[in-house]
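Enquirer: Quick one: the structure is below, questions incoming.
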Amino acid sequence: MKVLVIGGGGREHALAWKLKQCERVHIVFVAPGNGGTAADPGLRNVPITDPARLADFAAAEKVALTVVGPEAPLAAGVVDLFRARGLRIFGPTQAAAQLESSKAFAKEFMQRHGIPTALYATFTDAGAAHAHVDRHGAPIVVKADGLAAGKGVVVAMIAAEAHAAIDHMLQGEGARVVIEDFMAGEEASFIVMCDGTHVVSLATSQDHKRIFEGDQGPNTGGMGAYSPAPVVTPNVHARVMQDIILPTVAGMAKDGAPYTGFLYAGLMIDEQGRPRTVEFNCRLGDPEAQVILMRLKSDLFDLLMHATEGTLDQVALQWDRRVALGVVMAAHGYPATPRSGDAITGLPAARARAAGLPRRHHAGRRPTAHQRRPRAVRHRAGRIGAAGTAAGAAGRARHPFRRRAVAQRYRPPRHQAGQPARCSARRRMTVASAIDTAPVREYLLGLQARIVGTLQAEDGKAFLSDGWQRPAGGKLEGDGLSQLVEEGGLLERGGCNFSHVKGAALPPSATQHRAELAGAPFEALGVSLVMHPRCPYVPTVHMNVRLLAAFPAGQPAVTWFGGGMDLTPYYGFEEDARHFHTVCRDALAPFGADKYPRFKRWCDDYFFLKHRNEPRGVGGIFFDDFNEGGFDTGFAMMRAVGDAFLPAYVPITQRRRDTPYGERERDFQAYRRGRYVEFNLVWDRGTHFGLHGGGRTESILMSMPPVVKWRYDWRPEPGTPEARLYADFLRPRDWAAE
């Protein structure tokens with residue numbers, strides 16, 4: 001298939017580079033492109049910028065998908081034009097793109113929908129704006145209302161800077177400025193994809209805006225970025241999704257402009273971990289796109305097709321577990337008066353790049369006319385290019401630009417690689433790991449957000465967030481996030497817990513079968529949930545996925561993945577049992593035909609109440625201490641199980657939630673819950689529960705049902721549906737084959 005990328009910067013080079021790797025894509029057009037895309041095999045520049053001509057080109061070439069990179073075409077309505085022609089395009093409409101094209105619109109929107117941001121005022125009269133600054137003093141922020149390529153913002157630390165910015169920005173007919181209260185904290189980039197209804201969050205990232213070291217100098221379009229961003233903790237991630245992203249998507253739909261496309265929320269996160277919105281962009285960030293796309297392992301074309309079909313809820317992204325770091329090379333005089341047209345010499349050859357030098361994504365690079373691979377490369381804009389490396393080494397990213405890729409007069413300033421690297425290093429945990437668990441953490445946080453978001457929509461009541469942190473110096477250090485609901489429409493009680501902890505020594509309970517690891521430092525992270533529905537005909541469900549890693553002295557790290565999900569007893573619906581087990585089987589199929597029967601048997605055995613000689617439910621799948629095939633195989637299997645939960649459980653809740661019931665069915669539900677509590681608190685003393693709960697006794701309450709009857713002598717009456725359940729329905733059966 002053919003794909004068209006609109007734009008000519010580093011972001012568009014990164015998008016085109018990623019798309020050309022996709023299985024179903026055989027050519028990527030870039031309009032207008034740049035010298036880097038002209039020299040990149042598989043990419044073809046198209047010298048068109050006019051939206052109408054771009055639509056003509058896409059129709060003539062039978063382009064399957066168009067992706068818009070920069071903000072200007074979006075503000076001009078290119079998406080509306082393509083859609084009117086029946087052409088598939090990913091991006092927001094002109095009305096939705098006002099979130100970026102008008103800062104005044106965005107601030108009014110946020111105020112109207114209760115999205116946290118700084119207090120502000122809008123001015124077209126310079127005198128009134130100056131008076132506002134005089135009243136409020138500095139520090140204060142002055143923003144030009146329209147598009148400014150990331151550079152129309154002045155963070156004035158003294159009043160004189162604010163007054164100068166007002167005079168500069170309020171020139172010309174219709175000029176308008178937004179003046180905001182200063183927000184202290186650390187910035188982060190939170191980028192998601194939207195299909196109008198559903199949202200998928202991308203890997204977190206953080207860029208460095210100021211031109212000089214130590215956050216000094218004017219704002220730029222970005223001097224470098226890295227991913228992931230440690231400042232986006234589980235609690236921050238959840239709060240951003242619930243307080244900013246989801247209300248924004250819902251608010252745009254309510255206002256009659258459903259949002260599709262990349263949505264970039266620039267955040268300011270204060271010392272208490274509270275995120276507020278600095279601004280919205282309606283596109284991938286630049287240079288954030290370069291580092292995010294380097295880490296994306298999923299097929300970007302398939303992802304974009306889902307987004308244009310409104311089916312992002314069916315997507316689960318996979319990420320490279322390494323850190324990505326981007327470094328920008330800027331022209332002389334950037335950002336105020338960048339010099340254009342100078343030659344760039346010494347770019348690394350393909351052989352050198354293959355040997356381990358960073359990937360280069362070009363921005364304002366001008367190709368020599370009629371040359372596919374021009375000898376003389378000249379730049380035409382302030383930011384000439386960006387380098388990304390999945391190794392995460394600042395020195396390695398800077399070296400080819402400083403000594404080989406750039407003429408002497410274009411050595412990049414020292415801050416360009418050092419600043420992003422140091423920001424990330426400040427937040428490292430004190431217990432060192434021999435493996436990189438960042439991608440596992442990112443996946444688990446995304447999984448938790450997807451599950452909670454879906455169940456919130458089904459229930460109608462918002463989950464409460466309980467973020468926690470264990471500081472360094474104790475037996476455990478790390479953080480986590482519990483999200484809980486009580487007395488909802490669907491769920492009487494439920495909870496979904498994420499935790500990520502490290503410790504100096506594995507506890508004895510964790511090494512009773514692994515004596516060789518006694519006393520070894522460890523790391524544990526996972527997501528676990530228990531949901532207790534209100535209707536007795538909807539089953540209680542349990543699911544967890546987790547990683548445990550140990551680091552014995554002088555030996556390689558040892559890792560195990562675990563997980564599973566199961567349904568507790570309920571009145572016998574064969575349709576539901578078959579559906580649940582079929583989804584479990586299909587999730588494990590890529591890892592071998594033996595996995596489903598093996599993991600089903602483990603679940604049947606593990607959840608059998610031996611002292612009562614009865615099964616606890618229809619079962620599911622369960623695997624523990626799984627390290628066959630290495631880290632990557634275990635991680636892939638964990639993702640498959642985690643991603644299967646919602647497709648396995650939600651259809652059952654939708655079928656049964658409105659089934660009428662009476663006192664008799666409610667009593668039976670209470671007895672079943674008694675069996676659940678009996679197993680979890682008396683018989684299930686597994687190691688992982690304590691570690692993956694962060695050692696918090698509060699995590700146990702998450703799984704407790706609200707109403708329980710606990711009678712050891714209870715037996716179902718013969719001939720009743722309850723008797724059939726225990727005598728027939730719960731016997732071991734191959735549900736997926738029936």
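Residue numbering restarts at 1 for every chain of the structure tokens, chains are lettered A, B, ... in their displayed order, and ligands are numbered from 1 as they appear.
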Near stretch 20-36 of chain A, within 6 Å and counting only C-alpha atoms, which residues show up once chain neighbours fewer than 5 positions away are dropped, as a CSV table (one decimal) with N, CA and C atoms, in the first residue's frame?

Expert:
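Output (around00.csv):
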```csv
chain,number,residue,atom,x,y,z
A,1,MET,N,0.8,-1.2,0.0
A,1,MET,CA,0.0,0.0,0.0
A,1,MET,C,0.9,1.3,0.0
A,2,LYS,N,0.3,2.4,-0.4
A,2,LYS,CA,1.0,3.6,-0.4
A,2,LYS,C,0.5,4.5,0.7
A,3,VAL,N,1.4,5.2,1.3
A,3,VAL,CA,1.2,6.1,2.4
A,3,VAL,C,1.7,7.5,2.1
A,4,LEU,N,1.0,8.5,2.5
A,4,LEU,CA,1.5,9.9,2.3
A,4,LEU,C,1.7,10.5,3.7
A,5,VAL,N,2.8,11.1,3.9
A,5,VAL,CA,3.1,11.9,5.1
A,5,VAL,C,3.2,13.3,4.7
A,6,ILE,N,2.4,14.2,5.3
A,6,ILE,CA,2.4,15.6,5.0
A,6,ILE,C,3.4,16.3,6.0
A,7,GLY,N,4.4,17.0,5.4
A,7,GLY,CA,5.3,17.8,6.2
A,7,GLY,C,6.7,17.6,5.8
A,8,GLY,N,7.7,18.3,6.3
A,8,GLY,CA,9.0,18.3,5.9
A,8,GLY,C,10.1,18.4,7.0
A,42,GLY,N,13.3,4.0,0.0
A,42,GLY,CA,11.9,3.7,0.3
A,42,GLY,C,11.0,4.9,0.5
A,43,LEU,N,11.6,6.1,0.6
A,43,LEU,CA,10.8,7.3,0.7
A,43,LEU,C,10.9,8.1,-0.6
A,44,ARG,N,9.8,8.8,-0.9
A,44,ARG,CA,9.8,9.6,-2.1
A,44,ARG,C,9.2,11.0,-1.8
A,45,ASN,N,10.0,12.0,-2.0
A,45,ASN,CA,9.5,13.4,-1.8
A,45,ASN,C,8.5,13.8,-2.9
A,46,VAL,N,7.6,14.6,-2.5
A,46,VAL,CA,6.6,15.2,-3.4
A,46,VAL,C,6.5,16.7,-3.2
A,47,PRO,N,6.9,17.5,-4.2
A,47,PRO,CA,7.0,18.9,-3.9
A,47,PRO,C,5.7,19.6,-4.0
A,48,ILE,N,4.8,19.2,-3.0
A,48,ILE,CA,3.4,19.8,-3.0
A,48,ILE,C,3.2,20.2,-1.5
A,299,ASP,N,3.3,-2.3,14.7
A,299,ASP,CA,3.2,-1.9,13.3
A,299,ASP,C,2.5,-0.5,13.3
A,362,HIS,N,16.2,14.0,9.8
A,362,HIS,CA,16.5,15.3,9.3
A,362,HIS,C,15.3,16.2,9.4
A,365,ARG,N,16.7,20.3,6.3
A,365,ARG,CA,17.8,20.1,5.4
A,365,ARG,C,17.3,20.2,4.0
A,366,ARG,N,18.0,21.0,3.2
A,366,ARG,CA,17.7,21.2,1.8
A,366,ARG,C,18.5,20.3,0.9
A,367,PRO,N,17.8,19.6,0.0
A,367,PRO,CA,18.5,18.7,-0.9
A,367,PRO,C,19.0,19.5,-2.1
```

Enquirer: Please, which residues of stretch 500-701 of chain A, numbered as in this document, come out strand (DSSP E or B) from DSSP, as number ranges by chain?

Expert: A: 500-503, 522-533, 541-550, 558-567, 608-609, 614-615, 619-626

Enquirer: Please write the residues from the selection above to a file, keeping N, CA and C atoms, as a compact mmCIF listing (two decimals), in the first residue's frame.

Expert:
```txt
# COMPACT_ATOMS: atom_id res chain seq x y z
N HIS A 500 5.46 -1.32 41.69
CA HIS A 500 6.82 -1.51 41.19
C HIS A 500 7.76 -1.27 42.36
N VAL A 501 8.32 -2.34 42.89
CA VAL A 501 9.16 -2.22 44.08
C VAL A 501 10.50 -2.91 43.86
N LYS A 502 11.47 -2.47 44.63
CA LYS A 502 12.80 -3.08 44.66
C LYS A 502 13.19 -3.28 46.11
N GLY A 503 14.05 -4.25 46.33
CA GLY A 503 14.52 -4.51 47.68
C GLY A 503 15.93 -5.05 47.67
N PHE A 522 16.29 -7.74 44.51
CA PHE A 522 15.22 -8.13 43.60
C PHE A 522 14.44 -6.91 43.15
N GLU A 523 13.64 -7.12 42.12
CA GLU A 523 12.72 -6.12 41.59
C GLU A 523 11.43 -6.83 41.21
N ALA A 524 10.29 -6.26 41.56
CA ALA A 524 9.01 -6.88 41.27
C ALA A 524 8.04 -5.81 40.79
N LEU A 525 7.32 -6.11 39.73
CA LEU A 525 6.31 -5.18 39.25
C LEU A 525 5.18 -5.96 38.60
N GLY A 526 3.98 -5.42 38.74
CA GLY A 526 2.85 -6.13 38.17
C GLY A 526 1.56 -5.34 38.30
N VAL A 527 0.53 -5.88 37.67
CA VAL A 527 -0.83 -5.37 37.77
C VAL A 527 -1.72 -6.53 38.20
N SER A 528 -2.55 -6.30 39.19
CA SER A 528 -3.50 -7.32 39.63
C SER A 528 -4.86 -6.67 39.84
N LEU A 529 -5.91 -7.44 39.65
CA LEU A 529 -7.25 -6.89 39.84
C LEU A 529 -8.19 -7.96 40.34
N VAL A 530 -9.21 -7.51 41.06
CA VAL A 530 -10.35 -8.33 41.46
C VAL A 530 -11.59 -7.46 41.30
N MET A 531 -12.62 -7.98 40.65
CA MET A 531 -13.86 -7.25 40.46
C MET A 531 -15.03 -8.09 40.97
N HIS A 532 -15.83 -7.50 41.87
CA HIS A 532 -17.00 -8.15 42.44
C HIS A 532 -18.25 -7.47 41.92
N PRO A 533 -18.94 -8.06 40.93
CA PRO A 533 -20.13 -7.42 40.35
C PRO A 533 -21.32 -7.45 41.30
N VAL A 541 -14.21 -11.83 38.98
CA VAL A 541 -13.07 -12.13 38.12
C VAL A 541 -11.77 -11.70 38.80
N HIS A 542 -10.74 -12.46 38.57
CA HIS A 542 -9.39 -12.13 39.04
C HIS A 542 -8.44 -12.18 37.85
N MET A 543 -7.50 -11.25 37.83
CA MET A 543 -6.46 -11.25 36.79
C MET A 543 -5.20 -10.64 37.36
N ASN A 544 -4.05 -11.17 36.99
CA ASN A 544 -2.79 -10.48 37.30
C ASN A 544 -1.73 -10.88 36.29
N VAL A 545 -0.82 -9.95 36.04
CA VAL A 545 0.38 -10.20 35.24
C VAL A 545 1.54 -9.54 35.97
N ARG A 546 2.71 -10.16 35.96
CA ARG A 546 3.78 -9.69 36.83
C ARG A 546 5.15 -10.16 36.35
N LEU A 547 6.15 -9.49 36.85
CA LEU A 547 7.55 -9.85 36.62
C LEU A 547 8.28 -9.82 37.96
N LEU A 548 9.07 -10.85 38.22
CA LEU A 548 9.96 -10.88 39.36
C LEU A 548 11.37 -11.10 38.84
N ALA A 549 12.30 -10.25 39.25
CA ALA A 549 13.70 -10.37 38.83
C ALA A 549 14.58 -10.38 40.06
N ALA A 550 15.57 -11.26 40.06
CA ALA A 550 16.54 -11.34 41.15
C ALA A 550 17.93 -11.15 40.58
N VAL A 558 18.17 -13.14 37.06
CA VAL A 558 17.20 -14.21 36.88
C VAL A 558 15.82 -13.59 36.87
N THR A 559 15.02 -13.86 35.81
CA THR A 559 13.70 -13.25 35.70
C THR A 559 12.64 -14.31 35.52
N TRP A 560 11.47 -14.05 36.11
CA TRP A 560 10.30 -14.89 35.91
C TRP A 560 9.11 -14.01 35.63
N PHE A 561 8.29 -14.44 34.69
CA PHE A 561 7.00 -13.81 34.45
C PHE A 561 5.90 -14.72 34.98
N GLY A 562 4.82 -14.10 35.36
CA GLY A 562 3.69 -14.86 35.84
C GLY A 562 2.40 -14.14 35.50
N GLY A 563 1.30 -14.86 35.64
CA GLY A 563 0.03 -14.22 35.40
C GLY A 563 -1.10 -15.22 35.24
N GLY A 564 -2.26 -14.68 34.91
CA GLY A 564 -3.41 -15.53 34.69
C GLY A 564 -4.70 -14.79 34.98
N MET A 565 -5.81 -15.47 34.74
CA MET A 565 -7.12 -14.91 35.05
C MET A 565 -8.11 -16.07 35.18
N ASP A 566 -9.12 -15.86 36.04
CA ASP A 566 -10.09 -16.93 36.26
C ASP A 566 -11.41 -16.34 36.70
N LEU A 567 -12.49 -17.12 36.52
CA LEU A 567 -13.83 -16.76 36.95
C LEU A 567 -14.22 -17.63 38.13
N PHE A 608 -8.37 -25.34 43.10
CA PHE A 608 -9.22 -26.40 43.62
C PHE A 608 -9.18 -26.36 45.14
N LEU A 609 -10.35 -26.30 45.78
CA LEU A 609 -10.42 -26.24 47.25
C LEU A 609 -10.31 -27.67 47.78
N GLU A 614 -13.79 -29.41 46.07
CA GLU A 614 -14.61 -28.74 45.07
C GLU A 614 -13.81 -27.66 44.36
N PRO A 615 -14.09 -27.43 43.09
CA PRO A 615 -13.42 -26.34 42.37
C PRO A 615 -14.00 -24.99 42.79
N GLY A 619 -12.50 -21.74 36.26
CA GLY A 619 -11.08 -21.69 35.99
C GLY A 619 -10.71 -20.66 34.94
N GLY A 620 -9.59 -20.91 34.31
CA GLY A 620 -9.03 -19.99 33.34
C GLY A 620 -7.63 -20.46 33.02
N ILE A 621 -6.66 -19.57 33.13
CA ILE A 621 -5.26 -19.93 32.91
C ILE A 621 -4.43 -19.35 34.04
N PHE A 622 -3.33 -20.01 34.34
CA PHE A 622 -2.45 -19.55 35.40
C PHE A 622 -1.04 -20.06 35.09
N PHE A 623 -0.05 -19.16 35.15
CA PHE A 623 1.34 -19.59 35.02
C PHE A 623 2.19 -18.79 35.99
N ASP A 624 3.19 -19.45 36.55
CA ASP A 624 4.02 -18.82 37.57
C ASP A 624 5.47 -19.21 37.31
N ASP A 625 6.39 -18.32 37.67
CA ASP A 625 7.82 -18.58 37.51
C ASP A 625 8.16 -19.03 36.10
N PHE A 626 7.59 -18.36 35.11
CA PHE A 626 7.80 -18.75 33.72
C PHE A 626 9.01 -18.01 33.15
```

Enquirer: Between atom CA of A:Asp479 and atom CA of A:Glu442, what is the distance in Å, rounded to a tenth?

Expert: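 Computing it gives 13.4 Å between the two atoms.
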
Enquirer: Which of these residues is nearest to A:His237, using only C-alpha atoms: A:Thr308, A:Gln206, A:Ser201, A:Ser298?

Expert: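 With only C-alpha atoms as the atom set, the closest residue is A:Ser201.
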
Enquirer: Can you pull out every residue from stretch 126-294 of chain A that DSSP, working from the backbone, puts in alpha helix (DSSP H), and format the result as number ranges by chain?

Expert: A: 126-136, 159-169, 234-240, 246-254, 288-294

Enquirer: Determine, counting only C-alpha atoms, which protein, DNA and RNA residues have an atom within 9 Å of an atom of A:Gly69; residues of the same chain fewer than 2 positions away are not included. Present the result as a PDB file with N, CA and C atoms, in the first residue's frame.

Expert:
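That gives us around_18.pdb:
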```pdb
ATOM      1  N   VAL A   5       2.846  11.088   3.923  1.00  0.00           N
ATOM      2  CA  VAL A   5       3.126  11.851   5.130  1.00  0.00           C
ATOM      3  C   VAL A   5       3.238  13.319   4.729  1.00  0.00           C
ATOM      4  N   ILE A   6       2.419  14.177   5.321  1.00  0.00           N
ATOM      5  CA  ILE A   6       2.450  15.604   5.007  1.00  0.00           C
ATOM      6  C   ILE A   6       3.384  16.310   5.975  1.00  0.00           C
ATOM      7  N   GLY A   7       4.389  17.001   5.439  1.00  0.00           N
ATOM      8  CA  GLY A   7       5.330  17.755   6.249  1.00  0.00           C
ATOM      9  C   GLY A   7       6.749  17.583   5.759  1.00  0.00           C
ATOM     10  N   GLY A   8       7.651  18.348   6.347  1.00  0.00           N
ATOM     11  CA  GLY A   8       9.037  18.292   5.884  1.00  0.00           C
ATOM     12  C   GLY A   8      10.053  18.409   6.993  1.00  0.00           C
ATOM     13  N   GLY A   9       9.676  18.064   8.229  1.00  0.00           N
ATOM     14  CA  GLY A   9      10.586  18.197   9.359  1.00  0.00           C
ATOM     15  C   GLY A   9      11.118  16.875   9.861  1.00  0.00           C
ATOM     16  N   ARG A  11      10.146  15.317  12.551  1.00  0.00           N
ATOM     17  CA  ARG A  11       9.017  14.476  12.945  1.00  0.00           C
ATOM     18  C   ARG A  11       8.513  13.679  11.750  1.00  0.00           C
ATOM     19  N   GLU A  12       8.378  14.350  10.604  1.00  0.00           N
ATOM     20  CA  GLU A  12       7.861  13.675   9.414  1.00  0.00           C
ATOM     21  C   GLU A  12       8.856  12.648   8.879  1.00  0.00           C
ATOM     22  N   LEU A  15       8.304   9.668  11.119  1.00  0.00           N
ATOM     23  CA  LEU A  15       7.067   8.970  10.762  1.00  0.00           C
ATOM     24  C   LEU A  15       7.249   8.149   9.490  1.00  0.00           C
ATOM     25  N   VAL A  67      -1.046  10.784   6.664  1.00  0.00           N
ATOM     26  CA  VAL A  67      -0.768  11.183   8.039  1.00  0.00           C
ATOM     27  C   VAL A  67      -0.247  12.615   8.005  1.00  0.00           C
ATOM     28  N   GLU A  71       1.510  21.339  12.327  1.00  0.00           N
ATOM     29  CA  GLU A  71       0.272  21.960  12.759  1.00  0.00           C
ATOM     30  C   GLU A  71      -0.382  22.835  11.693  1.00  0.00           C
ATOM     31  N   PRO A  73      -0.938  22.649   8.304  1.00  0.00           N
ATOM     32  CA  PRO A  73      -1.984  22.055   7.447  1.00  0.00           C
ATOM     33  C   PRO A  73      -3.239  21.678   8.233  1.00  0.00           C
ATOM     34  N   LEU A  74      -3.082  21.264   9.484  1.00  0.00           N
ATOM     35  CA  LEU A  74      -4.247  20.923  10.299  1.00  0.00           C
ATOM     36  C   LEU A  74      -5.103  22.163  10.536  1.00  0.00           C
ATOM     37  N   GLY A  91      -5.713  12.706  11.575  1.00  0.00           N
ATOM     38  CA  GLY A  91      -5.432  14.022  12.122  1.00  0.00           C
ATOM     39  C   GLY A  91      -6.735  14.669  12.553  1.00  0.00           C
ATOM     40  N   ARG A 283      -0.640  17.177  17.353  1.00  0.00           N
ATOM     41  CA  ARG A 283       0.310  16.443  16.508  1.00  0.00           C
ATOM     42  C   ARG A 283       1.313  15.751  17.405  1.00  0.00           C
ATOM     43  N   LEU A 284       2.124  14.904  16.831  1.00  0.00           N
ATOM     44  CA  LEU A 284       3.293  14.387  17.532  1.00  0.00           C
ATOM     45  C   LEU A 284       4.261  15.527  17.799  1.00  0.00           C
TER      46      LEU A 284
END
```

Enquirer: Which one of A:Tyr649, A:Gly495, A:Pro521, A:Phe631 sits closest to A:Cys584 if you count only C-alpha atoms?

Expert: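 With only C-alpha atoms as the atom set, the closest residue is A:Tyr649.
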
Enquirer: Pick from A:Phe182, A:Tyr537, A:Trp735, A:Trp17: nearest to A:Ala577, with only C-alpha atoms counted?

Expert: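 With only C-alpha atoms as the atom set, the closest residue is A:Trp735.
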
Enquirer: Could you pull the residues within 10 Å of stretch 459-475 of chain A, counting only C-alpha atoms, minus those fewer than 4 positions along the same chain, as a PyMOL selection string?

Expert: chain A and resi 233-236+238-239+242+273+429-431+452-455+479-492+494-507+533+694-696

Enquirer: Take atom CA of A:Ala159 and atom CA of A:Ala175 and report the distance between them in Å, one decimal.

Expert: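 One can read the atom CA of A:Ala159 to atom CA of A:Ala175 distance as 20.7 Å.
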
Enquirer: Just want the 10 Å neighbourhood of A:Phe109, counted on only C-alpha atoms, with same-chain residues fewer than 3 positions away dropped. Output as a list in words.

Expert: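 Near A:Phe109, the qualifying residues are Gln98, Leu99, Lys103, Ala104, Phe105, Ala106, Arg112, His113, Gly114, Ile115, Thr248, Gly251, Met252 and Asp255 of chain A.
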
Enquirer: Grab the atom CA of A:Pro439 to atom CA of A:Phe301 distance for me, in Å with one decimal place.

Expert: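 So the answer is 21.2 Å.
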
Enquirer: Could you name the residues that touch A:Leu119 at 10 Å or less, counting only C-alpha atoms, but leaving out those on the same chain fewer than 4 positions away, as a list in words?

Expert: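 Non-adjacent residues within range: Lys107, Gln111, Ile179, Glu180, Asp181, Phe182 and Met183 of chain A.
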
Enquirer: Out of A:Leu588, A:Ala736, A:Ala331, A:Val538, which residue has the shortest atom-to-atom distance to A:Arg666 when counting only C-alpha atoms?

Expert: A:Val538

Enquirer: Choose the residue, out of A:Val440, A:Gln290, A:Asp728, A:His13, that has the smallest atom-to-atom separation from A:Gly634; count only C-alpha atoms.

Expert: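 Among the listed residues, the smallest separation from A:Gly634 belongs to A:Val440.
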
Enquirer: List as number ranges by chain the protein and nucleic acid residues near A:Arg612, meaning an atom at most 12 Å away when only C-alpha atoms are counted, but skip any in the same chain fewer than 2 places from it.

Expert: A: 607-610, 614-616, 675, 678-679, 712-715, 726

Enquirer: Once you have the residues from the selection above, write them out as an mmCIF file, in the first residue's frame, restricted to N, CA and C atoms.

Expert:
```
data_model
loop_
_atom_site.group_PDB
_atom_site.id
_atom_site.type_symbol
_atom_site.label_atom_id
_atom_site.label_comp_id
_atom_site.auth_asym_id
_atom_site.auth_seq_id
_atom_site.Cartn_x
_atom_site.Cartn_y
_atom_site.Cartn_z
ATOM 1 N N PHE A 607 -6.607 -23.594 41.960
ATOM 2 C CA PHE A 607 -7.815 -23.036 42.541
ATOM 3 C C PHE A 607 -8.808 -24.107 43.003
ATOM 4 N N PHE A 608 -8.365 -25.343 43.096
ATOM 5 C CA PHE A 608 -9.217 -26.403 43.619
ATOM 6 C C PHE A 608 -9.176 -26.364 45.143
ATOM 7 N N LEU A 609 -10.355 -26.296 45.782
ATOM 8 C CA LEU A 609 -10.417 -26.244 47.248
ATOM 9 C C LEU A 609 -10.308 -27.667 47.781
ATOM 10 N N LYS A 610 -9.096 -28.060 48.115
ATOM 11 C CA LYS A 610 -8.839 -29.457 48.466
ATOM 12 C C LYS A 610 -9.574 -29.864 49.737
ATOM 13 N N GLU A 614 -13.790 -29.407 46.068
ATOM 14 C CA GLU A 614 -14.614 -28.739 45.068
ATOM 15 C C GLU A 614 -13.807 -27.656 44.362
ATOM 16 N N PRO A 615 -14.091 -27.429 43.085
ATOM 17 C CA PRO A 615 -13.423 -26.338 42.367
ATOM 18 C C PRO A 615 -13.998 -24.995 42.793
ATOM 19 N N ARG A 616 -13.183 -23.967 42.680
ATOM 20 C CA ARG A 616 -13.638 -22.638 43.066
ATOM 21 C C ARG A 616 -14.428 -21.974 41.948
ATOM 22 N N ARG A 675 -16.423 -18.451 49.764
ATOM 23 C CA ARG A 675 -15.412 -19.383 49.255
ATOM 24 C C ARG A 675 -14.193 -18.623 48.726
ATOM 25 N N GLU A 678 -12.146 -17.294 51.616
ATOM 26 C CA GLU A 678 -11.504 -18.428 52.284
ATOM 27 C C GLU A 678 -10.231 -18.846 51.555
ATOM 28 N N PHE A 679 -10.321 -18.916 50.248
ATOM 29 C CA PHE A 679 -9.155 -19.333 49.467
ATOM 30 C C PHE A 679 -8.056 -18.280 49.518
ATOM 31 N N TYR A 712 -19.248 -23.106 56.843
ATOM 32 C CA TYR A 712 -18.507 -24.292 56.433
ATOM 33 C C TYR A 712 -19.447 -25.468 56.125
ATOM 34 N N ASP A 713 -20.633 -25.468 56.727
ATOM 35 C CA ASP A 713 -21.524 -26.609 56.545
ATOM 36 C C ASP A 713 -22.538 -26.403 55.431
ATOM 37 N N TRP A 714 -22.378 -25.317 54.657
ATOM 38 C CA TRP A 714 -23.369 -25.043 53.614
ATOM 39 C C TRP A 714 -23.216 -26.005 52.453
ATOM 40 N N ARG A 715 -24.341 -26.548 52.009
ATOM 41 C CA ARG A 715 -24.375 -27.393 50.821
ATOM 42 C C ARG A 715 -25.604 -27.011 50.005
ATOM 43 N N TYR A 726 -22.375 -27.324 41.107
ATOM 44 C CA TYR A 726 -21.287 -28.059 41.744
ATOM 45 C C TYR A 726 -21.167 -29.488 41.232
#
```
